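Enquirer: Here you go, this is model.cif (mmCIF, N, CA and C atoms).
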data_upload
#
loop_
_atom_site.label_atom_id
_atom_site.label_comp_id
_atom_site.auth_asym_id
_atom_site.auth_seq_id
_atom_site.Cartn_x
_atom_site.Cartn_y
_atom_site.Cartn_z
N MET A 1 261.98 145.59 81.30
CA MET A 1 263.02 145.24 82.25
C MET A 1 263.46 143.81 82.00
N LEU A 2 264.73 143.58 82.08
CA LEU A 2 265.28 142.25 81.87
C LEU A 2 265.09 141.41 83.12
N ASP A 3 264.92 140.09 82.95
CA ASP A 3 264.85 139.24 84.13
C ASP A 3 266.26 139.02 84.67
N ASN A 4 266.35 138.52 85.90
CA ASN A 4 267.64 138.42 86.60
C ASN A 4 268.71 137.64 85.85
N LYS A 5 268.34 136.56 85.18
CA LYS A 5 269.38 135.75 84.54
C LYS A 5 269.92 136.39 83.26
N ASN A 6 269.23 137.41 82.72
CA ASN A 6 269.68 138.05 81.50
C ASN A 6 270.07 139.52 81.69
N ASP A 7 270.16 139.98 82.95
CA ASP A 7 270.46 141.40 83.16
C ASP A 7 271.95 141.70 83.15
N ASN A 8 272.78 140.67 83.02
CA ASN A 8 274.22 140.91 82.95
C ASN A 8 274.88 139.85 82.07
N ILE A 9 276.10 140.17 81.67
CA ILE A 9 276.91 139.20 80.91
C ILE A 9 278.27 139.11 81.60
N SER A 10 278.99 138.06 81.33
CA SER A 10 280.32 137.88 81.93
C SER A 10 281.29 138.89 81.32
N TRP A 11 282.39 139.14 82.03
CA TRP A 11 283.44 140.01 81.52
C TRP A 11 283.96 139.46 80.19
N THR A 12 284.11 138.14 80.09
CA THR A 12 284.60 137.52 78.86
C THR A 12 283.63 137.78 77.70
N SER A 13 282.33 137.65 77.94
CA SER A 13 281.33 137.94 76.89
C SER A 13 281.36 139.41 76.49
N PHE A 14 281.54 140.29 77.48
CA PHE A 14 281.64 141.71 77.18
C PHE A 14 282.86 141.98 76.31
N CYS A 15 284.00 141.39 76.66
CA CYS A 15 285.22 141.55 75.85
C CYS A 15 285.00 141.04 74.44
N GLN A 16 284.33 139.89 74.31
CA GLN A 16 284.03 139.34 72.98
C GLN A 16 283.19 140.32 72.18
N ALA A 17 282.20 140.94 72.82
CA ALA A 17 281.35 141.92 72.13
C ALA A 17 282.17 143.13 71.69
N MET A 18 283.00 143.65 72.58
CA MET A 18 283.83 144.81 72.25
C MET A 18 284.84 144.47 71.14
N ASN A 19 285.37 143.24 71.16
CA ASN A 19 286.30 142.79 70.11
C ASN A 19 285.57 142.69 68.77
N SER A 20 284.34 142.20 68.78
CA SER A 20 283.55 142.10 67.55
C SER A 20 283.29 143.47 66.95
N ILE A 21 283.01 144.45 67.82
CA ILE A 21 282.78 145.82 67.35
C ILE A 21 284.06 146.38 66.73
N ALA A 22 285.20 146.21 67.40
CA ALA A 22 286.48 146.69 66.87
C ALA A 22 286.78 146.03 65.52
N TYR A 23 286.57 144.72 65.44
CA TYR A 23 286.79 143.98 64.18
C TYR A 23 285.93 144.57 63.06
N TRP A 24 284.65 144.80 63.35
CA TRP A 24 283.71 145.33 62.35
C TRP A 24 284.15 146.71 61.89
N ILE A 25 284.53 147.58 62.83
CA ILE A 25 284.96 148.95 62.50
C ILE A 25 286.19 148.92 61.59
N ILE A 26 287.16 148.07 61.93
CA ILE A 26 288.40 147.99 61.15
C ILE A 26 288.14 147.38 59.77
N GLN A 27 287.37 146.30 59.73
CA GLN A 27 287.07 145.65 58.44
C GLN A 27 286.30 146.57 57.50
N ASN A 28 285.45 147.42 58.05
CA ASN A 28 284.65 148.33 57.23
C ASN A 28 285.30 149.69 57.04
N LYS A 29 286.57 149.81 57.47
CA LYS A 29 287.37 151.02 57.27
C LYS A 29 286.64 152.29 57.70
N LYS A 30 286.04 152.23 58.87
CA LYS A 30 285.31 153.38 59.40
C LYS A 30 286.29 154.45 59.87
N LYS A 31 285.87 155.70 59.79
CA LYS A 31 286.69 156.84 60.21
C LYS A 31 286.21 157.30 61.58
N TYR A 32 287.16 157.46 62.51
CA TYR A 32 286.86 157.90 63.86
C TYR A 32 288.13 158.41 64.51
N LYS A 33 287.96 159.13 65.60
CA LYS A 33 289.09 159.69 66.34
C LYS A 33 289.78 158.57 67.11
N LYS A 34 291.12 158.51 66.97
CA LYS A 34 291.92 157.48 67.65
C LYS A 34 292.97 158.12 68.53
N ARG A 35 293.44 157.36 69.49
CA ARG A 35 294.58 157.75 70.31
C ARG A 35 295.82 157.06 69.72
N ASP A 36 296.98 157.56 70.07
CA ASP A 36 298.22 156.89 69.64
C ASP A 36 298.49 155.67 70.51
N TYR A 37 298.01 155.73 71.76
CA TYR A 37 298.39 154.74 72.76
C TYR A 37 297.19 154.43 73.66
N TYR A 38 297.02 153.16 74.01
CA TYR A 38 295.91 152.72 74.87
C TYR A 38 296.44 151.90 76.03
N GLN A 39 295.75 152.00 77.16
CA GLN A 39 296.15 151.23 78.33
C GLN A 39 294.94 150.89 79.17
N ILE A 40 294.90 149.66 79.69
CA ILE A 40 293.92 149.25 80.67
C ILE A 40 294.68 148.55 81.78
N LEU A 41 294.65 149.16 82.94
CA LEU A 41 295.41 148.68 84.09
C LEU A 41 296.87 148.46 83.67
N THR A 42 297.36 147.23 83.62
CA THR A 42 298.76 146.99 83.26
C THR A 42 298.95 146.62 81.80
N LEU A 43 297.88 146.41 81.07
CA LEU A 43 297.98 146.08 79.64
C LEU A 43 298.05 147.37 78.84
N LYS A 44 298.97 147.44 77.88
CA LYS A 44 299.10 148.65 77.08
C LYS A 44 299.61 148.33 75.69
N GLY A 45 299.33 149.23 74.76
CA GLY A 45 299.80 149.05 73.40
C GLY A 45 299.46 150.24 72.53
N ASN A 46 300.17 150.36 71.41
CA ASN A 46 299.87 151.45 70.50
C ASN A 46 298.69 151.06 69.60
N CYS A 47 298.17 152.04 68.90
CA CYS A 47 296.97 151.85 68.09
C CYS A 47 297.14 150.74 67.05
N LYS A 48 298.23 150.76 66.32
CA LYS A 48 298.46 149.77 65.25
C LYS A 48 298.52 148.35 65.82
N TYR A 49 299.21 148.17 66.94
CA TYR A 49 299.32 146.87 67.60
C TYR A 49 297.94 146.35 68.00
N ILE A 50 297.13 147.21 68.59
CA ILE A 50 295.79 146.80 69.03
C ILE A 50 294.89 146.49 67.84
N GLU A 51 294.96 147.31 66.81
CA GLU A 51 294.13 147.05 65.62
C GLU A 51 294.51 145.72 64.97
N ASN A 52 295.80 145.37 64.99
CA ASN A 52 296.21 144.06 64.46
C ASN A 52 295.64 142.93 65.32
N LYS A 53 295.62 143.12 66.65
CA LYS A 53 295.02 142.12 67.54
C LYS A 53 293.52 141.98 67.27
N ALA A 54 292.86 143.09 66.99
CA ALA A 54 291.41 143.09 66.75
C ALA A 54 291.04 142.31 65.49
N LYS A 55 291.94 142.24 64.52
CA LYS A 55 291.67 141.52 63.27
C LYS A 55 291.59 140.02 63.49
N LYS A 56 292.03 139.54 64.66
CA LYS A 56 292.00 138.10 64.96
C LYS A 56 290.70 137.66 65.63
N LEU A 57 289.86 138.60 66.00
CA LEU A 57 288.58 138.32 66.67
C LEU A 57 288.74 137.38 67.86
N GLY A 58 288.38 137.83 69.01
CA GLY A 58 288.48 137.02 70.22
C GLY A 58 287.87 137.75 71.38
N SER A 59 288.50 137.65 72.54
CA SER A 59 288.00 138.36 73.72
C SER A 59 289.15 139.06 74.44
N ASP A 60 290.02 139.69 73.67
CA ASP A 60 291.20 140.36 74.20
C ASP A 60 290.82 141.59 75.02
N LYS A 61 291.38 141.70 76.23
CA LYS A 61 291.06 142.81 77.13
C LYS A 61 291.52 144.16 76.57
N LEU A 62 292.68 144.19 75.95
CA LEU A 62 293.20 145.43 75.40
C LEU A 62 292.36 145.91 74.22
N VAL A 63 291.90 145.00 73.39
CA VAL A 63 291.01 145.37 72.28
C VAL A 63 289.68 145.88 72.84
N ALA A 64 289.20 145.28 73.94
CA ALA A 64 287.97 145.75 74.58
C ALA A 64 288.17 147.19 75.07
N MET A 65 289.33 147.47 75.66
CA MET A 65 289.61 148.82 76.14
C MET A 65 289.68 149.80 74.97
N TYR A 66 290.27 149.38 73.87
CA TYR A 66 290.33 150.20 72.66
C TYR A 66 288.92 150.60 72.23
N THR A 67 288.01 149.64 72.19
CA THR A 67 286.63 149.91 71.79
C THR A 67 285.95 150.84 72.78
N MET A 68 286.13 150.60 74.08
CA MET A 68 285.54 151.49 75.08
C MET A 68 286.08 152.91 74.91
N ALA A 69 287.38 153.05 74.63
CA ALA A 69 288.00 154.36 74.47
C ALA A 69 287.48 155.08 73.24
N ILE A 70 287.32 154.37 72.12
CA ILE A 70 286.83 155.07 70.92
C ILE A 70 285.37 155.48 71.10
N ILE A 71 284.61 154.72 71.87
CA ILE A 71 283.23 155.13 72.17
C ILE A 71 283.26 156.41 73.00
N LYS A 72 284.13 156.46 73.99
CA LYS A 72 284.23 157.62 74.87
C LYS A 72 284.80 158.84 74.15
N ASP A 73 285.76 158.64 73.25
CA ASP A 73 286.49 159.73 72.63
C ASP A 73 285.77 160.41 71.46
N ASN A 74 284.76 159.77 70.91
CA ASN A 74 284.09 160.31 69.72
C ASN A 74 282.71 160.86 70.07
N THR A 75 282.45 162.10 69.62
CA THR A 75 281.15 162.70 69.92
C THR A 75 280.05 162.10 69.05
N SER A 76 280.35 161.81 67.80
CA SER A 76 279.39 161.12 66.94
C SER A 76 279.74 159.63 66.94
N LEU A 77 278.73 158.81 67.13
CA LEU A 77 278.95 157.36 67.15
C LEU A 77 278.37 156.70 65.90
N ASP A 78 278.25 157.46 64.83
CA ASP A 78 277.69 156.95 63.58
C ASP A 78 278.54 155.84 62.97
N PHE A 79 279.81 155.78 63.31
CA PHE A 79 280.73 154.79 62.75
C PHE A 79 280.54 153.40 63.36
N LEU A 80 279.78 153.30 64.44
CA LEU A 80 279.59 152.02 65.13
C LEU A 80 278.50 151.17 64.48
N PRO A 81 278.58 149.85 64.61
CA PRO A 81 277.52 148.99 64.08
C PRO A 81 276.23 149.17 64.90
N ASN A 82 275.09 148.88 64.29
CA ASN A 82 273.79 149.06 64.95
C ASN A 82 273.57 148.08 66.09
N TYR A 83 274.25 146.96 66.05
CA TYR A 83 274.12 145.96 67.12
C TYR A 83 275.35 145.06 67.11
N VAL A 84 275.53 144.32 68.20
CA VAL A 84 276.58 143.30 68.29
C VAL A 84 275.90 142.02 68.75
N THR A 85 276.35 140.88 68.21
CA THR A 85 275.79 139.59 68.59
C THR A 85 276.78 138.83 69.46
N LEU A 86 276.31 138.40 70.62
CA LEU A 86 277.15 137.60 71.52
C LEU A 86 277.25 136.17 70.99
N LYS A 87 278.18 135.41 71.52
CA LYS A 87 278.36 134.02 71.07
C LYS A 87 277.12 133.17 71.26
N ASN A 88 276.30 133.51 72.28
CA ASN A 88 275.07 132.74 72.52
C ASN A 88 273.92 133.17 71.62
N GLY A 89 274.17 134.12 70.70
CA GLY A 89 273.15 134.57 69.77
C GLY A 89 272.38 135.80 70.21
N THR A 90 272.59 136.26 71.43
CA THR A 90 271.91 137.45 71.94
C THR A 90 272.42 138.69 71.22
N GLN A 91 271.50 139.51 70.73
CA GLN A 91 271.89 140.77 70.10
C GLN A 91 271.74 141.91 71.10
N ILE A 92 272.74 142.78 71.13
CA ILE A 92 272.70 143.97 71.98
C ILE A 92 272.79 145.17 71.05
N ASP A 93 271.80 146.06 71.13
CA ASP A 93 271.78 147.19 70.21
C ASP A 93 272.80 148.27 70.61
N LYS A 94 273.03 149.19 69.69
CA LYS A 94 274.07 150.21 69.87
C LYS A 94 273.89 151.02 71.14
N ALA A 95 272.69 151.50 71.41
CA ALA A 95 272.46 152.32 72.61
C ALA A 95 272.86 151.56 73.87
N GLU A 96 272.53 150.27 73.92
CA GLU A 96 272.83 149.47 75.10
C GLU A 96 274.32 149.17 75.23
N TYR A 97 274.99 148.77 74.14
CA TYR A 97 276.41 148.45 74.28
C TYR A 97 277.25 149.70 74.51
N VAL A 98 276.81 150.85 74.00
CA VAL A 98 277.51 152.11 74.29
C VAL A 98 277.38 152.42 75.78
N ASP A 99 276.19 152.28 76.32
CA ASP A 99 275.96 152.49 77.75
C ASP A 99 276.81 151.53 78.58
N MET A 100 276.85 150.28 78.18
CA MET A 100 277.66 149.28 78.88
C MET A 100 279.15 149.64 78.85
N ALA A 101 279.63 150.08 77.70
CA ALA A 101 281.05 150.43 77.55
C ALA A 101 281.42 151.61 78.44
N ILE A 102 280.57 152.63 78.47
CA ILE A 102 280.85 153.82 79.28
C ILE A 102 280.85 153.45 80.76
N ARG A 103 279.85 152.68 81.19
CA ARG A 103 279.78 152.29 82.60
C ARG A 103 280.95 151.38 82.99
N THR A 104 281.34 150.47 82.10
CA THR A 104 282.43 149.55 82.40
C THR A 104 283.76 150.28 82.49
N GLU A 105 284.01 151.20 81.58
CA GLU A 105 285.24 151.98 81.62
C GLU A 105 285.30 152.79 82.91
N SER A 106 284.18 153.37 83.32
CA SER A 106 284.12 154.12 84.57
C SER A 106 284.37 153.22 85.77
N TYR A 107 283.82 152.02 85.74
CA TYR A 107 284.01 151.06 86.83
C TYR A 107 285.51 150.72 86.97
N ILE A 108 286.16 150.45 85.85
CA ILE A 108 287.58 150.08 85.87
C ILE A 108 288.41 151.23 86.43
N ARG A 109 288.13 152.45 85.97
CA ARG A 109 288.88 153.62 86.46
C ARG A 109 288.62 153.86 87.94
N ALA A 110 287.39 153.69 88.38
CA ALA A 110 287.03 153.97 89.77
C ALA A 110 287.57 152.92 90.74
N ASN A 111 287.60 151.66 90.29
CA ASN A 111 287.94 150.55 91.19
C ASN A 111 289.32 149.94 90.96
N GLY A 112 289.97 150.30 89.86
CA GLY A 112 291.31 149.78 89.58
C GLY A 112 291.36 148.29 89.32
N ARG A 113 290.24 147.73 88.86
CA ARG A 113 290.19 146.30 88.54
C ARG A 113 289.11 146.05 87.51
N LEU A 114 289.18 144.90 86.88
CA LEU A 114 288.19 144.51 85.89
C LEU A 114 286.96 143.93 86.58
N PRO A 115 285.79 144.14 86.03
CA PRO A 115 284.59 143.57 86.63
C PRO A 115 284.46 142.09 86.29
N ALA A 116 283.76 141.34 87.13
CA ALA A 116 283.48 139.92 86.84
C ALA A 116 282.31 139.82 85.88
N ILE A 117 281.36 140.74 86.03
CA ILE A 117 280.18 140.79 85.16
C ILE A 117 279.95 142.23 84.71
N VAL A 118 279.19 142.38 83.65
CA VAL A 118 278.80 143.70 83.16
C VAL A 118 277.28 143.71 83.05
N TYR A 119 276.65 144.65 83.75
CA TYR A 119 275.19 144.76 83.67
C TYR A 119 274.79 145.32 82.33
N ARG A 120 273.78 144.70 81.75
CA ARG A 120 273.30 145.14 80.44
C ARG A 120 272.58 146.47 80.55
N MET A 121 271.75 146.65 81.54
CA MET A 121 271.01 147.90 81.72
C MET A 121 271.43 148.51 83.04
N SER A 122 271.62 149.81 83.05
CA SER A 122 271.97 150.50 84.29
C SER A 122 270.73 150.58 85.17
N LYS A 123 270.80 149.99 86.36
CA LYS A 123 269.66 150.06 87.27
C LYS A 123 270.08 150.40 88.68
N LEU A 124 271.12 151.17 88.82
CA LEU A 124 271.53 151.57 90.16
C LEU A 124 270.46 152.48 90.75
N PRO A 125 270.07 152.23 92.01
CA PRO A 125 268.99 153.00 92.62
C PRO A 125 269.39 154.43 92.98
N ASP A 126 270.68 154.70 93.13
CA ASP A 126 271.13 156.05 93.49
C ASP A 126 272.50 156.31 92.88
N TYR A 127 272.99 157.49 93.12
CA TYR A 127 274.26 157.87 92.52
C TYR A 127 275.38 157.96 93.56
N ASN A 128 275.32 157.15 94.58
CA ASN A 128 276.31 157.22 95.65
C ASN A 128 277.49 156.28 95.46
N ASP A 129 277.42 155.35 94.53
CA ASP A 129 278.56 154.45 94.37
C ASP A 129 279.66 155.11 93.54
N SER A 130 280.88 154.64 93.70
CA SER A 130 282.05 155.29 93.10
C SER A 130 282.00 155.29 91.57
N THR A 131 281.45 154.24 90.97
CA THR A 131 281.38 154.18 89.51
C THR A 131 280.47 155.28 88.98
N MET A 132 279.30 155.44 89.59
CA MET A 132 278.37 156.46 89.12
C MET A 132 278.91 157.87 89.39
N LYS A 133 279.61 158.08 90.50
CA LYS A 133 280.19 159.39 90.76
C LYS A 133 281.20 159.75 89.67
N LEU A 134 282.04 158.79 89.27
CA LEU A 134 283.01 159.04 88.22
C LEU A 134 282.31 159.27 86.89
N PHE A 135 281.26 158.50 86.62
CA PHE A 135 280.49 158.66 85.38
C PHE A 135 279.91 160.08 85.30
N ILE A 136 279.32 160.53 86.39
CA ILE A 136 278.71 161.86 86.42
C ILE A 136 279.77 162.94 86.29
N LYS A 137 280.93 162.73 86.90
CA LYS A 137 282.03 163.69 86.78
C LYS A 137 282.55 163.75 85.35
N THR A 138 282.60 162.60 84.67
CA THR A 138 283.14 162.52 83.31
C THR A 138 282.15 163.04 82.27
N PHE A 139 280.87 162.79 82.48
CA PHE A 139 279.84 163.17 81.52
C PHE A 139 278.85 164.13 82.17
N ASN A 140 278.43 165.14 81.43
CA ASN A 140 277.42 166.03 82.00
C ASN A 140 276.05 165.38 81.87
N TYR A 141 275.01 166.05 82.30
CA TYR A 141 273.67 165.44 82.35
C TYR A 141 273.12 165.06 81.00
N LYS A 142 273.61 165.61 79.91
CA LYS A 142 273.15 165.23 78.58
C LYS A 142 273.94 164.10 77.99
N GLY A 143 274.89 163.53 78.74
CA GLY A 143 275.67 162.42 78.25
C GLY A 143 276.85 162.81 77.40
N LYS A 144 277.13 164.10 77.31
CA LYS A 144 278.27 164.54 76.51
C LYS A 144 279.52 164.56 77.38
N HIS A 145 280.62 164.17 76.80
CA HIS A 145 281.88 164.08 77.52
C HIS A 145 282.37 165.47 77.88
N ASN A 146 282.74 165.66 79.15
CA ASN A 146 283.35 166.93 79.58
C ASN A 146 284.83 166.89 79.23
N ARG A 147 285.28 167.82 78.48
CA ARG A 147 286.68 167.85 78.05
C ARG A 147 287.39 169.00 78.70
#
Please express the file's structure as structure tokens.
Expert:
Amino acid sequence: MLDNKNDNISWTSFCQAMNSIAYWIIQNKKKYKKRDYYQILTLKGNCKYIENKAKKLGSDKLVAMYTMAIIKDNTSLDFLPNYVTLKNGTQIDKAEYVDMAIRTESYIRANGRLPAIVYRMSKLPDYNDSTMKLFIKTFNYKGKHNR
């Protein structure tokens, strides 16, 4: 279990991590299922526009949404890097950042706003909050996306 000061990261750090993953995927010419168009709240763009933004490496919200969407849209996640390194040097492995991306995307959809922080490990005591209800509705008990 993580201690309290390391159990979450800022939204900006999360975006930086998602941008790093997108950059790595694009630079390594990985093959994966893409959408033509992406949107997070009021930010939107086509795939080519977002991929060009991802090549600049940063903490862009739309690039973060792109990464969350490709994680959600692909049944095999073999194209993803094994870990991502935050600016402070902390490494987050694939299983953890995938979990973070799925929970964060569900939070945004359920609440209509961006989170201030992103919890590294899911530790909700029950499934009564709106984010978890949407997560359970979107994914079945084995973690596979319901289509």
Enquirer: Report as a short mmCIF file (atom, residue, chain, number, x, y, z; two decimals) with N, CA and C atoms, keeping the file's coordinate frame the full result of the PyMOL selection byres ((chain A and resi 101-104) around 8) when it is applied to this structure.
Expert:
data_model
loop_
_atom_site.label_atom_id
_atom_site.label_comp_id
_atom_site.auth_asym_id
_atom_site.auth_seq_id
_atom_site.Cartn_x
_atom_site.Cartn_y
_atom_site.Cartn_z
N THR A 67 288.01 149.64 72.19
CA THR A 67 286.63 149.91 71.79
C THR A 67 285.95 150.84 72.78
N MET A 68 286.13 150.60 74.08
CA MET A 68 285.54 151.49 75.08
C MET A 68 286.08 152.91 74.91
N ALA A 69 287.38 153.05 74.63
CA ALA A 69 288.00 154.36 74.47
C ALA A 69 287.48 155.08 73.24
N ILE A 71 284.61 154.72 71.87
CA ILE A 71 283.23 155.13 72.17
C ILE A 71 283.26 156.41 73.00
N LYS A 72 284.13 156.46 73.99
CA LYS A 72 284.23 157.62 74.87
C LYS A 72 284.80 158.84 74.15
N ALA A 95 272.69 151.50 71.41
CA ALA A 95 272.46 152.32 72.61
C ALA A 95 272.86 151.56 73.87
N GLU A 96 272.53 150.27 73.92
CA GLU A 96 272.83 149.47 75.10
C GLU A 96 274.32 149.17 75.23
N TYR A 97 274.99 148.77 74.14
CA TYR A 97 276.41 148.45 74.28
C TYR A 97 277.25 149.70 74.51
N VAL A 98 276.81 150.85 74.00
CA VAL A 98 277.51 152.11 74.29
C VAL A 98 277.38 152.42 75.78
N ASP A 99 276.19 152.28 76.32
CA ASP A 99 275.96 152.49 77.75
C ASP A 99 276.81 151.53 78.58
N MET A 100 276.85 150.28 78.18
CA MET A 100 277.66 149.28 78.88
C MET A 100 279.15 149.64 78.85
N GLU A 105 284.01 151.20 81.58
CA GLU A 105 285.24 151.98 81.62
C GLU A 105 285.30 152.79 82.91
N SER A 106 284.18 153.37 83.32
CA SER A 106 284.12 154.12 84.57
C SER A 106 284.37 153.22 85.77
N TYR A 107 283.82 152.02 85.74
CA TYR A 107 284.01 151.06 86.83
C TYR A 107 285.51 150.72 86.97
N ILE A 108 286.16 150.45 85.85
CA ILE A 108 287.58 150.08 85.87
C ILE A 108 288.41 151.23 86.43
N ARG A 109 288.13 152.45 85.97
CA ARG A 109 288.88 153.62 86.46
C ARG A 109 288.62 153.86 87.94
N ALA A 110 287.39 153.69 88.38
CA ALA A 110 287.03 153.97 89.77
C ALA A 110 287.57 152.92 90.74
N PRO A 115 285.79 144.14 86.03
CA PRO A 115 284.59 143.57 86.63
C PRO A 115 284.46 142.09 86.29
N VAL A 118 279.19 142.38 83.65
CA VAL A 118 278.80 143.70 83.16
C VAL A 118 277.28 143.71 83.05
N TYR A 119 276.65 144.65 83.75
CA TYR A 119 275.19 144.76 83.67
C TYR A 119 274.79 145.32 82.33
N THR A 131 281.45 154.24 90.97
CA THR A 131 281.38 154.18 89.51
C THR A 131 280.47 155.28 88.98
N MET A 132 279.30 155.44 89.59
CA MET A 132 278.37 156.46 89.12
C MET A 132 278.91 157.87 89.39
N PHE A 135 281.26 158.50 86.62
CA PHE A 135 280.49 158.66 85.38
C PHE A 135 279.91 160.08 85.30
#
Enquirer: So what does the PyMOL selection byres ((chain A and resi 23-39) around 7) actually pick up in this one, as a list in words?
Expert: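 When the PyMOL selection byres ((chain A and resi 23-39) around 7) is applied to the shown file, the picked residues are Met18, Asn19, Ser20, Ile21, Ala22, Ile40, Leu41, Thr42, Leu43, Lys44, Gly45, Asn46, Cys47, Lys48, Ala54, Lys55, Lys56, Leu57, Leu62, Met65, Tyr66, Ile70, Asp73, Asn74, Phe79, Leu80 and Pro81 of chain A.
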Enquirer: Between atom CA of A:Asp60 and atom C of A:Lys87, what is the spacing in Å?
Expert: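 Between atom C of A:Lys87 and atom CA of A:Asp60 the gap is 16.1 Å.
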Enquirer: Between atom C of A:Ser10 and atom C of A:Asn111, measure the distance and give it in Å to one decimal.
Expert: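 That distance, rounded to one decimal, is 16.7 Å.
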Enquirer: What's the separation between atom CA of A:Leu77 and atom N of A:Ala17, in Å to one decimal place?
Expert: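 According to the coordinates, atom CA of A:Leu77 and atom N of A:Ala17 are separated by 17.7 Å.
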Enquirer: Could you give me, as a tab-separated table (two decimals) with N, CA and C atoms, in the frame of the given file, each residue of stretch 67-109 of chain A that DSSP assigns to strand (DSSP E or B) when run on this structure's backbone?
Expert:
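As a result, states37.tsv now contains:
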chain	number	residue	atom	x	y	z
A	83	TYR	N	274.25	146.96	66.05
A	83	TYR	CA	274.12	145.96	67.12
A	83	TYR	C	275.35	145.06	67.11
A	84	VAL	N	275.53	144.32	68.20
A	84	VAL	CA	276.58	143.30	68.29
A	84	VAL	C	275.90	142.02	68.75
A	85	THR	N	276.35	140.88	68.21
A	85	THR	CA	275.79	139.59	68.59
A	85	THR	C	276.78	138.83	69.46
A	91	GLN	N	271.50	139.51	70.73
A	91	GLN	CA	271.89	140.77	70.10
A	91	GLN	C	271.74	141.91	71.10
A	92	ILE	N	272.74	142.78	71.13
A	92	ILE	CA	272.70	143.97	71.98
A	92	ILE	C	272.79	145.17	71.05
A	93	ASP	N	271.80	146.06	71.13
A	93	ASP	CA	271.78	147.19	70.21
A	93	ASP	C	272.80	148.27	70.61
Enquirer: Return as a count of residues only the full set of residues in stretch 69-133 of chain A whose backbone-based DSSP assignment is helix (DSSP H, G or I).
Expert: 27
Enquirer: Place a sphere of radius 6 Å on (283.3, 142.2, 82.4) in the file coordinates and name every protein, DNA or RNA residue with an atom inside or on its surface, counting all atoms listed in the file; give the answer as JSON, numbers by chain.
Expert: {"A": [9, 10, 11, 12, 14, 15, 114, 115, 116, 117, 118]}
